[in-house]
Amino acid sequence: MKAWIVAGTILIPVLIVVLRRLSGQLGLLADAAAVVSAFGFGILSAFAVLDIRRHDTVYSTEVHRLFDSFWFLAFGGYLGLYLISLLLWSAFKTFRREPS
């Protein structure tokens, strides 16, 4: 399982960069998915904090329930992979601009 996680962490950002290179519309789709993920991630986090504050529960134990949420993990996972793809894209663009 750990090997799949490492492989996905490497391959998915590279795939996003390749898709961005092939088509601007696919890059725009990746950007739009990142915006949706950022909103979802933030809203789920805010709801978790609201519930903790409303019920006056212990933050350090109660917040871990959020980590069991499929959507929280999906949004956060995509944002992490998207960030890596942006770093790769930036390096790719810089490399292509630099004279040898």
# chains A, B, ... in the order shown; residues from 1 in each chain; ligands from 1
>>> residues_around(residues="region 2-13 of chain A", least_positions_apart="3", cutoff="12 Å", atoms="only C-alpha atoms", output="list of chain:residue names")
A:Ile16, A:Val17, A:Val18, A:Leu19, A:Arg20, A:Gly27, A:Ala30, A:Gly77, A:Tyr78, A:Leu79, A:Gly80, A:Leu81, A:Tyr82, A:Leu83, A:Ile84, A:Ser85, A:Leu86, A:Leu87, A:Leu88, A:Trp89
>>> write_last_selection(atoms="C-alpha atoms", output="PDB file, in the first residue's frame")
ATOM      1  CA  ILE A  16      -1.247  16.829 -14.328  1.00  0.00           C
ATOM      2  CA  VAL A  17       1.814  18.626 -15.757  1.00  0.00           C
ATOM      3  CA  VAL A  18       1.648  16.576 -18.963  1.00  0.00           C
ATOM      4  CA  LEU A  19      -2.077  17.273 -19.347  1.00  0.00           C
ATOM      5  CA  ARG A  20      -1.453  20.989 -18.727  1.00  0.00           C
ATOM      6  CA  GLY A  27      -4.886  22.758 -17.136  1.00  0.00           C
ATOM      7  CA  ALA A  30      -7.021  20.958 -12.915  1.00  0.00           C
ATOM      8  CA  GLY A  77      -5.022  14.831  -1.099  1.00  0.00           C
ATOM      9  CA  TYR A  78      -5.822  16.562  -4.369  1.00  0.00           C
ATOM     10  CA  LEU A  79      -4.536  19.897  -3.057  1.00  0.00           C
ATOM     11  CA  GLY A  80      -1.245  18.264  -2.094  1.00  0.00           C
ATOM     12  CA  LEU A  81      -0.822  16.615  -5.486  1.00  0.00           C
ATOM     13  CA  TYR A  82      -1.880  19.830  -7.241  1.00  0.00           C
ATOM     14  CA  LEU A  83       0.731  21.806  -5.300  1.00  0.00           C
ATOM     15  CA  ILE A  84       3.433  19.347  -6.338  1.00  0.00           C
ATOM     16  CA  SER A  85       2.276  19.639  -9.962  1.00  0.00           C
ATOM     17  CA  LEU A  86       2.531  23.450  -9.742  1.00  0.00           C
ATOM     18  CA  LEU A  87       6.079  23.129  -8.456  1.00  0.00           C
ATOM     19  CA  LEU A  88       6.922  20.746 -11.297  1.00  0.00           C
ATOM     20  CA  TRP A  89       5.243  23.053 -13.840  1.00  0.00           C
TER      21      TRP A  89
END
>>> atom_distance(atom1="CA of Ala91 (chain A)", atom2="CA of Phe75 (chain A)")
24.4 Å
>>> residues_around(residues="Val63 (chain A)", least_positions_apart="3", cutoff="10 Å", atoms="only C-alpha atoms", output="ChimeraX atom specification")
/A:45,48-49,51-52,57-60,66-68
>>> atom_distance(atom1="CA of Phe72 (chain A)", atom2="CA of Leu29 (chain A)")
20.0 Å
>>> atom_distance(atom1="CA of Thr94 (chain A)", atom2="CA of Leu28 (chain A)")
20.2 Å
>>> closest_residue(among="A:Val14, A:Gly76, A:Arg97, A:Arg65", to="Val35 (chain A)", atoms="only C-alpha atoms")
A:Gly76
>>> closest_residue(among="A:Ala74, A:Leu22, A:Ser69, A:Thr61", to="Ala34 (chain A)", atoms="only C-alpha atoms")
A:Ala74
>>> decode(residues="region 16-27 of chain A", atoms="C-alpha atoms", output="mmCIF file, in the first residue's frame")
data_model
loop_
_atom_site.group_PDB
_atom_site.id
_atom_site.type_symbol
_atom_site.label_atom_id
_atom_site.label_comp_id
_atom_site.auth_asym_id
_atom_site.auth_seq_id
_atom_site.Cartn_x
_atom_site.Cartn_y
_atom_site.Cartn_z
ATOM 1 C CA ILE A 16 -1.247 16.829 -14.328
ATOM 2 C CA VAL A 17 1.814 18.626 -15.757
ATOM 3 C CA VAL A 18 1.648 16.576 -18.963
ATOM 4 C CA LEU A 19 -2.077 17.273 -19.347
ATOM 5 C CA ARG A 20 -1.453 20.989 -18.727
ATOM 6 C CA ARG A 21 1.256 20.930 -21.411
ATOM 7 C CA LEU A 22 -0.981 19.151 -23.906
ATOM 8 C CA SER A 23 -4.053 21.326 -23.450
ATOM 9 C CA GLY A 24 -4.748 24.616 -21.742
ATOM 10 C CA GLN A 25 -8.311 23.474 -21.117
ATOM 11 C CA LEU A 26 -7.096 20.443 -19.169
ATOM 12 C CA GLY A 27 -4.886 22.758 -17.136
#
